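Working notes, beginning with the structure itself.
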Amino acid sequence: MRFSTNGIREVVGDRLTPASAVAVAGAIAQVAPRTGPVALGRDGRTSSRALSDLVAATLALSGHDVVDLGLLPTPAIQYNVPRVPAAFGVAITASHNPPEYNGMKCLDACGRSIPAETERAIEAAVAASASCAVPFDRVGELRTEPAGAARYLEGILGQVDRERVRARKFTVVLDCGNGATAVTSPELLRRLGCRVITLNGHVDGRFPGRPSEPNERTLKELIRAVPAFDADLGVAHDGDGDRTLFVDGQGRFVPGDKSLALLARDAARAGGSRAVVTPVSTSQVVEDVVQPFGARVVYTPVGSPKLTKEMERVDAVIGGEENGGVVFPQFQLARDGAMTAARLLDLLARSDRSFDALLDELPPYTLVKERVSCPPERALPVVTAVAREFADGAHRVVTLDGFKIFLDGGWMLLRPSGTEPIVRIFAEMRDPASARRLADSAVARVRETLGN
């Protein structure tokens, strides 16, 4: 098994088996520092508890002490790693992938994604099939840490003006998507004084309420519920809680670029660092709203490890992705869905306008996102061939990650996914119909090229 854009993700019972999980855990045991314990946490997938137990046992039998944080959102696991404190961390999760997937995300002592060279070392150790089992008197200790959720929530509450938020008495419809945030986000919003209506608010690794990836297609129930309950906004998490998307008071789905633009503008206005970091897949709206405050946008390839690494390098004030993953570096260098919701409520509490009104003030862009199933080995050749067609006559082409092609009035991005067997297609224009036509034409050409 190999690391992709953000950890290891495979189909359970196919490439992710008891044997392969133990092999990866054994490789992690060889690479992880022995200067402290390994912190281990998991999401709510049907296989996560079993995988967590396998990993914990393998690490302990290899001589590592293990601190089991239990069922928590991934950002809560990341927040707890340096506070246990641990020398390494492992989150059992497949993030937003469908329920048949699971995987492992490895973390350094600060709770951040491990660098690529550490991933390669783990892969090499898996390939070598070397064992680091220890004799009976060196087996590591296994202990549980029940305070992880409370510690995480207190950390978030310390980053916002909770009394100001409580005074607004927001009504929020919260869609946990049957994911790991069900154990933290309802409590967070209640402690912020919100009237909370929950959807899919119990953990179920089959994701019966809706798919684990939140988007406009999968959030129909939330879109209906917000105006029905006369709520101020709706909040939706993905399966492991590192992403949050919103619905406004009118029941309009809010693309992640727009919520990121509001949060980035707020951060740029506050001063400090003048850098905002975001992937090439993000809307032009972010750059438009932060530039008046003297901030510059730094673009990266897609993937939160690349995003957070660049944020650290340029000392960014905020970073985020169009999929709803936002990073607040003063809290932790990790995408954090609960923190995103809390900071948006804090922003709204300081404003005399509604969420709807703030969104309507943003420059109008339409970003259309599509995907086409594609065998991984064919994705890059297909993307390259189609990009060459669209690049003819383009203003410029950026190859930082896939092909971002700037055309009259907007841009399109073609890239192979790093986590799924698909080609991702993005098209942005100010005119919605033009964006739709551009995306549809790209989808058609990708399918035709695959067929040929």
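So you can find residues: chains in the structure tokens are A, B, ... in the order shown, residues in each start at 1, and ligands are numbered from 1 in order.
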Note to self: Residues within 8 Å of Ala32 of chain A, please, as a PyMOL selection string. Count only C-alpha atoms; anything in the same chain fewer than 4 positions from it doesn't count.
What the structure shows: chain A and resi 28+38+87-88
Next, the residues of the selection above should be written as a PDB file, in the first residue's frame with C-alpha atoms.
```pdb
ATOM      1  CA  ILE A  28       5.226   2.663  11.164  1.00  0.00           C
ATOM      2  CA  VAL A  38       2.316   6.909  19.629  1.00  0.00           C
ATOM      3  CA  ALA A  87       6.200  11.498  19.456  1.00  0.00           C
ATOM      4  CA  PHE A  88       4.024  10.301  16.552  1.00  0.00           C
TER       5      PHE A  88
END
```
Next item on the list: Based on DSSP run over this structure's backbone, return all residues of segment 185-423 of chain A in strand (DSSP E or B), as a PyMOL selection string.
Entry: chain A and resi 195-199+233-237+244-248+253-254+275-279+296-300+318-320+326-328+332-335+366-373+396-398+403-407+410-416+422-423
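The smallest atom-to-atom distance between Leu69 of chain A and any of A:Leu359, A:Ala19, A:Ala147, A:Ala124, using only C-alpha atoms, is found for A:Ala147.
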Next item on the list: Any chance you could list, as a PyMOL selection string, the residues in segment 271-364 of chain A that come up alpha helix (DSSP H) when DSSP is run on the backbone?
Entry: chain A and resi 284-290+304-314+337-349+355-360
Check: What's the 8 Å shell around Arg396 of chain A, counting only C-alpha atoms, without same-chain residues fewer than 5 positions away, as JSON, numbers by chain?
Finding: {"A": [391, 405, 406, 407]}
Each residue of segment 324-400 of chain A with at least one atom at most 10 Å from segment 304-307 of chain A should appear once, together with its nearest atom pair and the corresponding distance in Å (one decimal); atoms considered: only C-alpha atoms; ordering: chain, then increasing residue number; output as JSON lines.
```
{"residue": "A:Gly325", "atom": "CA", "partner": "A:Ser304", "partner_atom": "CA", "distance": 8.1}
{"residue": "A:Val326", "atom": "CA", "partner": "A:Ser304", "partner_atom": "CA", "distance": 9.3}
{"residue": "A:Val327", "atom": "CA", "partner": "A:Leu307", "partner_atom": "CA", "distance": 8.8}
{"residue": "A:Leu333", "atom": "CA", "partner": "A:Leu307", "partner_atom": "CA", "distance": 9.3}
{"residue": "A:Ala334", "atom": "CA", "partner": "A:Ser304", "partner_atom": "CA", "distance": 7.6}
{"residue": "A:Arg335", "atom": "CA", "partner": "A:Ser304", "partner_atom": "CA", "distance": 7.2}
```
